[in-house]
Amino acid sequence: MIELQEVTKKFGKKKALDDITTKINKGKITGLLGPNGSGKSTMLKLITDLNKPTSGNILIDGEQINVKSKNRISYLPEIDHFYSWMKISDAKNFVKTFYSDWQEERYKDLLEFLELEESMKIDKISKGMRAKTKLLLSFSRKADIVLLDEPLSGIDIFTREKIIETIIKDYRAGEQSIIITTHEIKEVENVMDEALFLKNGKIVLQGEIETLKEEKNLSLVDLMREVYSNEK
Ligand SMILES: Nc1ncnc2c1ncn2[C@@H]1O[C@H](COP(=O)(O)OP(=O)(O)OP(=O)(O)O)[C@@H](O)[C@H]1O
């Protein structure tokens, strides 16, 4: 379980996250939702320990984030983190040297599934292929926490579908926790178990998707509309 205790993250005077206390359940797919600038990426970066909170604590299975917990996390950043000279195989070797849980078999399997080739040069492939490459590298590890920041952003419908298929393909429900930030709500609605809605750095709603929808008798998109129109 990932636990945030009174977490605030400030950039200058701006509170990107404002005194957040919450638990994100283990073994589920959780959608981290909210409008631009609501704090989604900031929250993922704090969980990966790429950024430190200004105040508050983040615990993973009851332990303060440490080197061991960092190794359990696979993080797909919103922005491309590849060097332009790299081929997919170079990017793989780069990631592989950092993490002991690299799974070569899974990498080979996903490479084929995503219709990518190791010899492809990253600065020559399309945006969709780069998105698939990021996913390939994130999912070729055995990490039991996978954080995906906007994996569907700016990608065509077919590639989006392929990316969603990849996310659920070998998903170990109950064991592996996946947190996805996205604006493509309709497409991930059926994949997510739980959702956490952020606005201005605060949680405005959180729960199991089916329960939230049933309680209000609304689709997730309409639920979001209601949540964000009521919040100022
Ligand atoms: N490195 C930074 N320096 C200054 N301000 C930042 C930094 N990172 C985030 N912020 C600010 O913190 C707030 C939250 O940003 P964040 O990127 O977490 O939002 P988001 O919900 O992921 O947005 P989007 O959907 O547009 O990706 C925004 O106001 C943003 O400008």
# chains A, B, ... in the order shown; residues from 1 in each chain; ligands from 1

$ residues_around --residues "A:Phe113" --least-positions-apart "6" --cutoff "10 Å" --atoms "only C-alpha atoms" --output "list in words"
Tyr107, Leu136, Lys162, Glu165 and Thr166 of chain A

$ write_last_selection --atoms "N, CA and C atoms" --output "PDB file, in the first residue's frame"
ATOM      1  N   TYR A 107      10.544  -8.600 -22.076  1.00  0.00           N
ATOM      2  CA  TYR A 107      10.926  -7.532 -23.006  1.00  0.00           C
ATOM      3  C   TYR A 107      10.769  -8.018 -24.449  1.00  0.00           C
ATOM      4  N   LEU A 136       7.180  -0.188 -23.170  1.00  0.00           N
ATOM      5  CA  LEU A 136       7.981  -1.417 -23.277  1.00  0.00           C
ATOM      6  C   LEU A 136       9.009  -1.477 -22.139  1.00  0.00           C
ATOM      7  N   LYS A 162      -3.698  -0.271 -28.129  1.00  0.00           N
ATOM      8  CA  LYS A 162      -2.583  -1.210 -27.962  1.00  0.00           C
ATOM      9  C   LYS A 162      -1.899  -0.989 -26.605  1.00  0.00           C
ATOM     10  N   GLU A 165      -4.075  -2.417 -23.943  1.00  0.00           N
ATOM     11  CA  GLU A 165      -3.930  -3.892 -23.965  1.00  0.00           C
ATOM     12  C   GLU A 165      -2.643  -4.317 -23.272  1.00  0.00           C
ATOM     13  N   THR A 166      -1.566  -3.538 -23.504  1.00  0.00           N
ATOM     14  CA  THR A 166      -0.270  -3.876 -22.894  1.00  0.00           C
ATOM     15  C   THR A 166      -0.336  -3.742 -21.383  1.00  0.00           C
TER      16      THR A 166
END

$ residues_around --residues "A:Thr182" --least-positions-apart "4" --cutoff "9 Å" --atoms "only C-alpha atoms" --output "PyMOL selection string"
chain A and resi 31-34+148-153+188

$ write_last_selection --atoms "N, CA, C and O atoms" --output "mmCIF file, in the first residue's frame"
data_model
loop_
_atom_site.group_PDB
_atom_site.id
_atom_site.type_symbol
_atom_site.label_atom_id
_atom_site.label_comp_id
_atom_site.auth_asym_id
_atom_site.auth_seq_id
_atom_site.Cartn_x
_atom_site.Cartn_y
_atom_site.Cartn_z
ATOM 1 N N GLY A 31 -6.658 5.167 -11.115
ATOM 2 C CA GLY A 31 -6.559 6.328 -12.001
ATOM 3 C C GLY A 31 -6.353 7.573 -11.163
ATOM 4 O O GLY A 31 -7.091 7.807 -10.200
ATOM 5 N N LEU A 32 -5.333 8.330 -11.515
ATOM 6 C CA LEU A 32 -5.089 9.609 -10.837
ATOM 7 C C LEU A 32 -5.584 10.676 -11.811
ATOM 8 O O LEU A 32 -4.970 10.898 -12.850
ATOM 9 N N LEU A 33 -6.751 11.260 -11.485
ATOM 10 C CA LEU A 33 -7.445 12.087 -12.465
ATOM 11 C C LEU A 33 -7.544 13.534 -11.991
ATOM 12 O O LEU A 33 -7.472 13.809 -10.793
ATOM 13 N N GLY A 34 -7.741 14.411 -12.971
ATOM 14 C CA GLY A 34 -7.897 15.819 -12.603
ATOM 15 C C GLY A 34 -7.465 16.716 -13.735
ATOM 16 O O GLY A 34 -6.735 16.286 -14.628
ATOM 17 N N LEU A 148 2.389 5.322 -14.266
ATOM 18 C CA LEU A 148 2.353 5.713 -15.675
ATOM 19 C C LEU A 148 1.817 7.137 -15.788
ATOM 20 O O LEU A 148 0.642 7.392 -15.486
ATOM 21 N N ASP A 149 2.693 8.060 -16.181
ATOM 22 C CA ASP A 149 2.268 9.456 -16.291
ATOM 23 C C ASP A 149 1.879 9.743 -17.734
ATOM 24 O O ASP A 149 2.734 9.800 -18.612
ATOM 25 N N GLU A 150 0.588 9.897 -17.961
ATOM 26 C CA GLU A 150 0.044 10.211 -19.291
ATOM 27 C C GLU A 150 0.540 9.256 -20.391
ATOM 28 O O GLU A 150 1.078 9.727 -21.397
ATOM 29 N N PRO A 151 0.335 7.962 -20.233
ATOM 30 C CA PRO A 151 0.838 7.042 -21.266
ATOM 31 C C PRO A 151 0.084 7.163 -22.589
ATOM 32 O O PRO A 151 0.574 6.668 -23.603
ATOM 33 N N LEU A 152 -1.075 7.860 -22.592
ATOM 34 C CA LEU A 152 -1.893 7.910 -23.810
ATOM 35 C C LEU A 152 -1.900 9.283 -24.473
ATOM 36 O O LEU A 152 -2.558 9.476 -25.492
ATOM 37 N N SER A 153 -1.128 10.207 -23.910
ATOM 38 C CA SER A 153 -1.217 11.591 -24.352
ATOM 39 C C SER A 153 -0.712 11.796 -25.793
ATOM 40 O O SER A 153 0.414 11.414 -26.120
ATOM 41 N N VAL A 188 -9.847 4.450 -20.380
ATOM 42 C CA VAL A 188 -9.274 3.666 -19.279
ATOM 43 C C VAL A 188 -10.304 3.305 -18.213
ATOM 44 O O VAL A 188 -10.027 2.523 -17.308
#

$ select_by_dssp --residues "stretch 81-195 of chain A" --states "helix (DSSP H, G or I)" --output "PyMOL selection string"
chain A and resi 88-98+104-113+127-139+157-169+185-188

$ closest_residue --among "A:Ile179, A:Ile88, A:Leu44, A:Ala143" --to "ligand 1" --atoms "only C-alpha atoms and all ligand atoms"
A:Leu44

$ closest_residue --among "A:Asn200, A:Ser140, A:Gln103, A:Ser229" --to "ligand 1" --atoms "only C-alpha atoms and all ligand atoms"
A:Asn200

$ residues_near_ligand --ligand "ligand 1" --cutoff "7 Å" --atoms "only C-alpha atoms and all ligand atoms" --output "list in words"
Phe11, Lys14, Lys15, Ala16, Gly34, Pro35, Asn36, Gly37, Ser38, Gly39, Lys40, Ser41, Thr42, Met43 and Gly201 of chain A

$ select_by_dssp --residues "stretch 12-80 of chain A" --states "strand (DSSP E or B)" --output "PDB file with all heavy atoms, in the first residue's frame"
ATOM      1  N   LYS A  14       3.694  28.358  -4.930  1.00  0.00           N
ATOM      2  CA  LYS A  14       2.624  27.497  -5.445  1.00  0.00           C
ATOM      3  C   LYS A  14       2.604  26.154  -4.720  1.00  0.00           C
ATOM      4  O   LYS A  14       3.616  25.451  -4.665  1.00  0.00           O
ATOM      5  CB  LYS A  14       2.873  27.287  -6.954  1.00  0.00           C
ATOM      6  CG  LYS A  14       2.026  26.248  -7.601  1.00  0.00           C
ATOM      7  CD  LYS A  14       0.710  26.803  -8.025  1.00  0.00           C
ATOM      8  CE  LYS A  14      -0.264  25.681  -8.309  1.00  0.00           C
ATOM      9  NZ  LYS A  14      -1.625  26.119  -8.467  1.00  0.00           N
ATOM     10  N   LYS A  15       1.431  25.785  -4.186  1.00  0.00           N
ATOM     11  CA  LYS A  15       1.297  24.459  -3.582  1.00  0.00           C
ATOM     12  C   LYS A  15       0.793  23.499  -4.645  1.00  0.00           C
ATOM     13  O   LYS A  15      -0.389  23.512  -4.995  1.00  0.00           O
ATOM     14  CB  LYS A  15       0.293  24.503  -2.426  1.00  0.00           C
ATOM     15  CG  LYS A  15       0.880  25.031  -1.141  1.00  0.00           C
ATOM     16  CD  LYS A  15      -0.122  24.861  -0.014  1.00  0.00           C
ATOM     17  CE  LYS A  15       0.387  25.530   1.248  1.00  0.00           C
ATOM     18  NZ  LYS A  15      -0.617  25.652   2.277  1.00  0.00           N
ATOM     19  N   ALA A  16       1.690  22.672  -5.179  1.00  0.00           N
ATOM     20  CA  ALA A  16       1.277  21.692  -6.198  1.00  0.00           C
ATOM     21  C   ALA A  16       0.484  20.578  -5.533  1.00  0.00           C
ATOM     22  O   ALA A  16      -0.454  20.023  -6.121  1.00  0.00           O
ATOM     23  CB  ALA A  16       2.498  21.132  -6.905  1.00  0.00           C
ATOM     24  N   LEU A  17       0.851  20.238  -4.302  1.00  0.00           N
ATOM     25  CA  LEU A  17       0.066  19.305  -3.488  1.00  0.00           C
ATOM     26  C   LEU A  17      -0.117  19.963  -2.134  1.00  0.00           C
ATOM     27  O   LEU A  17       0.841  20.513  -1.565  1.00  0.00           O
ATOM     28  CB  LEU A  17       0.768  17.954  -3.330  1.00  0.00           C
ATOM     29  CG  LEU A  17       0.884  17.100  -4.591  1.00  0.00           C
ATOM     30  CD1 LEU A  17       1.648  15.822  -4.282  1.00  0.00           C
ATOM     31  CD2 LEU A  17      -0.466  16.748  -5.207  1.00  0.00           C
ATOM     32  N   ASP A  18      -1.355  19.895  -1.626  1.00  0.00           N
ATOM     33  CA  ASP A  18      -1.695  20.694  -0.464  1.00  0.00           C
ATOM     34  C   ASP A  18      -2.228  19.805   0.668  1.00  0.00           C
ATOM     35  O   ASP A  18      -3.406  19.464   0.687  1.00  0.00           O
ATOM     36  CB  ASP A  18      -2.746  21.735  -0.906  1.00  0.00           C
ATOM     37  CG  ASP A  18      -3.050  22.736   0.179  1.00  0.00           C
ATOM     38  OD1 ASP A  18      -2.448  22.637   1.260  1.00  0.00           O
ATOM     39  OD2 ASP A  18      -3.917  23.602  -0.048  1.00  0.00           O
ATOM     40  N   ASP A  19      -1.322  19.375   1.530  1.00  0.00           N
ATOM     41  CA  ASP A  19      -1.691  18.635   2.745  1.00  0.00           C
ATOM     42  C   ASP A  19      -2.527  17.382   2.435  1.00  0.00           C
ATOM     43  O   ASP A  19      -3.634  17.221   2.936  1.00  0.00           O
ATOM     44  CB  ASP A  19      -2.464  19.580   3.688  1.00  0.00           C
ATOM     45  CG  ASP A  19      -2.557  19.016   5.095  1.00  0.00           C
ATOM     46  OD1 ASP A  19      -1.727  18.158   5.451  1.00  0.00           O
ATOM     47  OD2 ASP A  19      -3.478  19.413   5.829  1.00  0.00           O
ATOM     48  N   ILE A  20      -1.953  16.516   1.637  1.00  0.00           N
ATOM     49  CA  ILE A  20      -2.684  15.313   1.216  1.00  0.00           C
ATOM     50  C   ILE A  20      -2.417  14.141   2.154  1.00  0.00           C
ATOM     51  O   ILE A  20      -1.268  13.794   2.425  1.00  0.00           O
ATOM     52  CB  ILE A  20      -2.287  14.940  -0.230  1.00  0.00           C
ATOM     53  CG1 ILE A  20      -2.869  15.995  -1.158  1.00  0.00           C
ATOM     54  CG2 ILE A  20      -2.725  13.534  -0.594  1.00  0.00           C
ATOM     55  CD1 ILE A  20      -3.128  15.572  -2.540  1.00  0.00           C
ATOM     56  N   THR A  21      -3.494  13.555   2.643  1.00  0.00           N
ATOM     57  CA  THR A  21      -3.394  12.314   3.419  1.00  0.00           C
ATOM     58  C   THR A  21      -4.294  11.293   2.733  1.00  0.00           C
ATOM     59  O   THR A  21      -5.494  11.527   2.572  1.00  0.00           O
ATOM     60  CB  THR A  21      -3.838  12.541   4.886  1.00  0.00           C
ATOM     61  OG1 THR A  21      -2.895  13.435   5.485  1.00  0.00           O
ATOM     62  CG2 THR A  21      -3.847  11.238   5.667  1.00  0.00           C
ATOM     63  N   THR A  22      -3.704  10.197   2.281  1.00  0.00           N
ATOM     64  CA  THR A  22      -4.511   9.178   1.610  1.00  0.00           C
ATOM     65  C   THR A  22      -3.768   7.854   1.538  1.00  0.00           C
ATOM     66  O   THR A  22      -2.567   7.785   1.812  1.00  0.00           O
ATOM     67  CB  THR A  22      -4.906   9.637   0.183  1.00  0.00           C
ATOM     68  OG1 THR A  22      -5.875   8.732  -0.325  1.00  0.00           O
ATOM     69  CG2 THR A  22      -3.729   9.664  -0.767  1.00  0.00           C
ATOM     70  N   LYS A  23      -4.528   6.814   1.186  1.00  0.00           N
ATOM     71  CA  LYS A  23      -3.919   5.498   0.961  1.00  0.00           C
ATOM     72  C   LYS A  23      -4.309   5.038  -0.436  1.00  0.00           C
ATOM     73  O   LYS A  23      -5.461   5.213  -0.848  1.00  0.00           O
ATOM     74  CB  LYS A  23      -4.460   4.487   1.972  1.00  0.00           C
ATOM     75  CG  LYS A  23      -3.956   4.759   3.370  1.00  0.00           C
ATOM     76  CD  LYS A  23      -4.575   3.826   4.368  1.00  0.00           C
ATOM     77  CE  LYS A  23      -4.040   4.173   5.760  1.00  0.00           C
ATOM     78  NZ  LYS A  23      -4.809   3.579   6.834  1.00  0.00           N
ATOM     79  N   ILE A  24      -3.348   4.484  -1.145  1.00  0.00           N
ATOM     80  CA  ILE A  24      -3.647   3.927  -2.468  1.00  0.00           C
ATOM     81  C   ILE A  24      -3.460   2.415  -2.344  1.00  0.00           C
ATOM     82  O   ILE A  24      -2.380   1.933  -1.976  1.00  0.00           O
ATOM     83  CB  ILE A  24      -2.738   4.535  -3.554  1.00  0.00           C
ATOM     84  CG1 ILE A  24      -2.989   6.047  -3.626  1.00  0.00           C
ATOM     85  CG2 ILE A  24      -2.986   3.876  -4.913  1.00  0.00           C
ATOM     86  CD1 ILE A  24      -2.077   6.819  -4.555  1.00  0.00           C
ATOM     87  N   ILE A  29      -5.564  -1.212 -10.034  1.00  0.00           N
ATOM     88  CA  ILE A  29      -5.220  -0.180 -11.017  1.00  0.00           C
ATOM     89  C   ILE A  29      -5.975   1.084 -10.605  1.00  0.00           C
ATOM     90  O   ILE A  29      -7.208   1.087 -10.530  1.00  0.00           O
ATOM     91  CB  ILE A  29      -5.595  -0.610 -12.449  1.00  0.00           C
ATOM     92  CG1 ILE A  29      -4.871  -1.922 -12.815  1.00  0.00           C
ATOM     93  CG2 ILE A  29      -5.257   0.500 -13.446  1.00  0.00           C
ATOM     94  CD1 ILE A  29      -5.071  -2.402 -14.241  1.00  0.00           C
ATOM     95  N   THR A  30      -5.211   2.109 -10.282  1.00  0.00           N
ATOM     96  CA  THR A  30      -5.816   3.354  -9.784  1.00  0.00           C
ATOM     97  C   THR A  30      -5.597   4.472 -10.785  1.00  0.00           C
ATOM     98  O   THR A  30      -4.478   4.690 -11.240  1.00  0.00           O
ATOM     99  CB  THR A  30      -5.177   3.738  -8.422  1.00  0.00           C
ATOM    100  OG1 THR A  30      -5.361   2.649  -7.521  1.00  0.00           O
ATOM    101  CG2 THR A  30      -5.806   4.990  -7.839  1.00  0.00           C
ATOM    102  N   GLY A  31      -6.658   5.167 -11.115  1.00  0.00           N
ATOM    103  CA  GLY A  31      -6.559   6.328 -12.001  1.00  0.00           C
ATOM    104  C   GLY A  31      -6.353   7.573 -11.163  1.00  0.00           C
ATOM    105  O   GLY A  31      -7.091   7.807 -10.200  1.00  0.00           O
ATOM    106  N   LEU A  32      -5.333   8.330 -11.515  1.00  0.00           N
ATOM    107  CA  LEU A  32      -5.089   9.609 -10.837  1.00  0.00           C
ATOM    108  C   LEU A  32      -5.584  10.676 -11.811  1.00  0.00           C
ATOM    109  O   LEU A  32      -4.970  10.898 -12.850  1.00  0.00           O
ATOM    110  CB  LEU A  32      -3.580   9.712 -10.576  1.00  0.00           C
ATOM    111  CG  LEU A  32      -3.045  10.827  -9.711  1.00  0.00           C
ATOM    112  CD1 LEU A  32      -3.773  10.905  -8.387  1.00  0.00           C
ATOM    113  CD2 LEU A  32      -1.558  10.599  -9.454  1.00  0.00           C
ATOM    114  N   LEU A  33      -6.751  11.260 -11.485  1.00  0.00           N
ATOM    115  CA  LEU A  33      -7.445  12.087 -12.465  1.00  0.00           C
ATOM    116  C   LEU A  33      -7.544  13.534 -11.991  1.00  0.00           C
ATOM    117  O   LEU A  33      -7.472  13.809 -10.793  1.00  0.00           O
ATOM    118  CB  LEU A  33      -8.844  11.509 -12.697  1.00  0.00           C
ATOM    119  CG  LEU A  33      -8.900  10.001 -12.999  1.00  0.00           C
ATOM    120  CD1 LEU A  33     -10.346   9.512 -13.082  1.00  0.00           C
ATOM    121  CD2 LEU A  33      -8.163   9.670 -14.297  1.00  0.00           C
ATOM    122  N   SER A  55       6.791  18.981   2.937  1.00  0.00           N
ATOM    123  CA  SER A  55       6.531  18.434   4.273  1.00  0.00           C
ATOM    124  C   SER A  55       5.665  17.194   4.127  1.00  0.00           C
ATOM    125  O   SER A  55       5.041  16.978   3.079  1.00  0.00           O
ATOM    126  CB  SER A  55       5.834  19.471   5.160  1.00  0.00           C
ATOM    127  OG  SER A  55       4.646  19.883   4.541  1.00  0.00           O
ATOM    128  N   GLY A  56       5.648  16.370   5.172  1.00  0.00           N
ATOM    129  CA  GLY A  56       4.847  15.146   5.146  1.00  0.00           C
ATOM    130  C   GLY A  56       5.680  13.923   4.802  1.00  0.00           C
ATOM    131  O   GLY A  56       6.862  14.034   4.491  1.00  0.00           O
ATOM    132  N   ASN A  57       5.018  12.777   4.859  1.00  0.00           N
ATOM    133  CA  ASN A  57       5.704  11.490   4.658  1.00  0.00           C
ATOM    134  C   ASN A  57       5.014  10.662   3.591  1.00  0.00           C
ATOM    135  O   ASN A  57       3.801  10.712   3.449  1.00  0.00           O
ATOM    136  CB  ASN A  57       5.612  10.640   5.934  1.00  0.00           C
ATOM    137  CG  ASN A  57       6.532  11.164   6.987  1.00  0.00           C
ATOM    138  OD1 ASN A  57       7.688  11.473   6.705  1.00  0.00           O
ATOM    139  ND2 ASN A  57       6.008  11.301   8.190  1.00  0.00           N
ATOM    140  N   ILE A  58       5.831   9.837   2.911  1.00  0.00           N
ATOM    141  CA  ILE A  58       5.272   8.864   1.971  1.00  0.00           C
ATOM    142  C   ILE A  58       5.796   7.490   2.381  1.00  0.00           C
ATOM    143  O   ILE A  58       7.007   7.295   2.522  1.00  0.00           O
ATOM    144  CB  ILE A  58       5.664   9.202   0.525  1.00  0.00           C
ATOM    145  CG1 ILE A  58       5.109  10.586   0.184  1.00  0.00           C
ATOM    146  CG2 ILE A  58       5.131   8.143  -0.448  1.00  0.00           C
ATOM    147  CD1 ILE A  58       5.463  11.082  -1.172  1.00  0.00           C
ATOM    148  N   LEU A  59       4.866   6.560   2.592  1.00  0.00           N
ATOM    149  CA  LEU A  59       5.242   5.211   3.021  1.00  0.00           C
ATOM    150  C   LEU A  59       4.805   4.202   1.959  1.00  0.00           C
ATOM    151  O   LEU A  59       3.743   4.344   1.361  1.00  0.00           O
ATOM    152  CB  LEU A  59       4.552   4.847   4.337  1.00  0.00           C
ATOM    153  CG  LEU A  59       4.678   5.822   5.498  1.00  0.00           C
ATOM    154  CD1 LEU A  59       3.886   5.319   6.702  1.00  0.00           C
ATOM    155  CD2 LEU A  59       6.133   6.013   5.901  1.00  0.00           C
ATOM    156  N   ILE A  60       5.650   3.183   1.764  1.00  0.00           N
ATOM    157  CA  ILE A  60       5.263   2.080   0.885  1.00  0.00           C
ATOM    158  C   ILE A  60       5.284   0.821   1.741  1.00  0.00           C
ATOM    159  O   ILE A  60       6.311   0.497   2.346  1.00  0.00           O
ATOM    160  CB  ILE A  60       6.194   1.980  -0.334  1.00  0.00           C
ATOM    161  CG1 ILE A  60       5.995   3.235  -1.185  1.00  0.00           C
ATOM    162  CG2 ILE A  60       5.901   0.714  -1.149  1.00  0.00           C
ATOM    163  CD1 ILE A  60       6.745   3.301  -2.471  1.00  0.00           C
ATOM    164  N   GLU A  63       6.730   1.407   5.106  1.00  0.00           N
ATOM    165  CA  GLU A  63       8.121   1.878   5.251  1.00  0.00           C
ATOM    166  C   GLU A  63       8.335   3.170   4.493  1.00  0.00           C
ATOM    167  O   GLU A  63       7.877   3.311   3.364  1.00  0.00           O
ATOM    168  CB  GLU A  63       9.085   0.859   4.627  1.00  0.00           C
ATOM    169  CG  GLU A  63       9.550  -0.208   5.554  1.00  0.00           C
ATOM    170  CD  GLU A  63      10.611  -1.091   4.899  1.00  0.00           C
ATOM    171  OE1 GLU A  63      11.446  -0.562   4.130  1.00  0.00           O
ATOM    172  OE2 GLU A  63      10.575  -2.303   5.140  1.00  0.00           O
ATOM    173  N   GLN A  64       9.072   4.059   5.120  1.00  0.00           N
ATOM    174  CA  GLN A  64       9.463   5.300   4.448  1.00  0.00           C
ATOM    175  C   GLN A  64      10.194   4.931   3.142  1.00  0.00           C
ATOM    176  O   GLN A  64      10.951   3.948   3.143  1.00  0.00           O
ATOM    177  CB  GLN A  64      10.439   6.028   5.382  1.00  0.00           C
ATOM    178  CG  GLN A  64      10.627   7.470   5.088  1.00  0.00           C
ATOM    179  CD  GLN A  64       9.629   8.322   5.873  1.00  0.00           C
ATOM    180  OE1 GLN A  64       9.224   7.961   6.974  1.00  0.00           O
ATOM    181  NE2 GLN A  64       9.226   9.437   5.306  1.00  0.00           N
ATOM    182  N   ILE A  73       9.747   0.157  -7.888  1.00  0.00           N
ATOM    183  CA  ILE A  73       8.864   1.048  -8.646  1.00  0.00           C
ATOM    184  C   ILE A  73       9.351   1.218 -10.078  1.00  0.00           C
ATOM    185  O   ILE A  73      10.526   1.507 -10.310  1.00  0.00           O
ATOM    186  CB  ILE A  73       8.808   2.443  -7.964  1.00  0.00           C
ATOM    187  CG1 ILE A  73       8.239   2.300  -6.551  1.00  0.00           C
ATOM    188  CG2 ILE A  73       7.974   3.417  -8.788  1.00  0.00           C
ATOM    189  CD1 ILE A  73       8.286   3.582  -5.741  1.00  0.00           C
ATOM    190  N   SER A  74       8.446   1.038 -11.028  1.00  0.00           N
ATOM    191  CA  SER A  74       8.754   1.343 -12.413  1.00  0.00           C
ATOM    192  C   SER A  74       7.954   2.587 -12.790  1.00  0.00           C
ATOM    193  O   SER A  74       6.740   2.635 -12.581  1.00  0.00           O
ATOM    194  CB  SER A  74       8.352   0.148 -13.288  1.00  0.00           C
ATOM    195  OG  SER A  74       8.649   0.433 -14.618  1.00  0.00           O
ATOM    196  N   TYR A  75       8.641   3.594 -13.325  1.00  0.00           N
ATOM    197  CA  TYR A  75       7.992   4.893 -13.558  1.00  0.00           C
ATOM    198  C   TYR A  75       8.095   5.276 -15.021  1.00  0.00           C
ATOM    199  O   TYR A  75       9.184   5.278 -15.587  1.00  0.00           O
ATOM    200  CB  TYR A  75       8.700   5.917 -12.664  1.00  0.00           C
ATOM    201  CG  TYR A  75       8.404   7.369 -12.964  1.00  0.00           C
ATOM    202  CD1 TYR A  75       7.121   7.883 -12.837  1.00  0.00           C
ATOM    203  CD2 TYR A  75       9.427   8.235 -13.339  1.00  0.00           C
ATOM    204  CE1 TYR A  75       6.869   9.222 -13.091  1.00  0.00           C
ATOM    205  CE2 TYR A  75       9.185   9.577 -13.590  1.00  0.00           C
ATOM    206  CZ  TYR A  75       7.906  10.064 -13.461  1.00  0.00           C
ATOM    207  OH  TYR A  75       7.653  11.387 -13.713  1.00  0.00           O
ATOM    208  N   LEU A  76       6.969   5.538 -15.623  1.00  0.00           N
ATOM    209  CA  LEU A  76       6.944   6.021 -17.005  1.00  0.00           C
ATOM    210  C   LEU A  76       6.704   7.527 -16.968  1.00  0.00           C
ATOM    211  O   LEU A  76       5.618   7.980 -16.613  1.00  0.00           O
ATOM    212  CB  LEU A  76       5.836   5.308 -17.773  1.00  0.00           C
ATOM    213  CG  LEU A  76       5.634   5.672 -19.241  1.00  0.00           C
ATOM    214  CD1 LEU A  76       5.158   4.463 -20.022  1.00  0.00           C
ATOM    215  CD2 LEU A  76       4.662   6.807 -19.444  1.00  0.00           C
TER     216      LEU A  76
END

$ atom_distance --atom1 "atom CA of A:Asp144" --atom2 "atom CA of A:Thr181"
17.4 Å

$ closest_residue --among "A:Lys186, A:Arg141, A:Lys26, A:Lys52" --to "A:Thr8" --atoms "only C-alpha atoms"
A:Lys52

$ closest_residue --among "A:Lys45, A:Lys142, A:Lys28, A:Lys108" --to "A:Arg72" --atoms "only C-alpha atoms"
A:Lys142

$ closest_residue --among "A:Ile178, A:Ile209, A:Ile122, A:Leu137" --to "A:Glu104" --atoms "only C-alpha atoms"
A:Leu137

$ closest_residue --among "A:Gly174, A:Gly12, A:Pro53, A:Gly207" --to "A:Glu194" --atoms "only C-alpha atoms"
A:Gly207

$ atom_distance --atom1 "atom CA of A:Ala91" --atom2 "atom CA of A:Ile164"
21.9 Å

$ atom_distance --atom1 "atom CA of A:Glu115" --atom2 "atom CA of A:Thr133"
10.0 Å
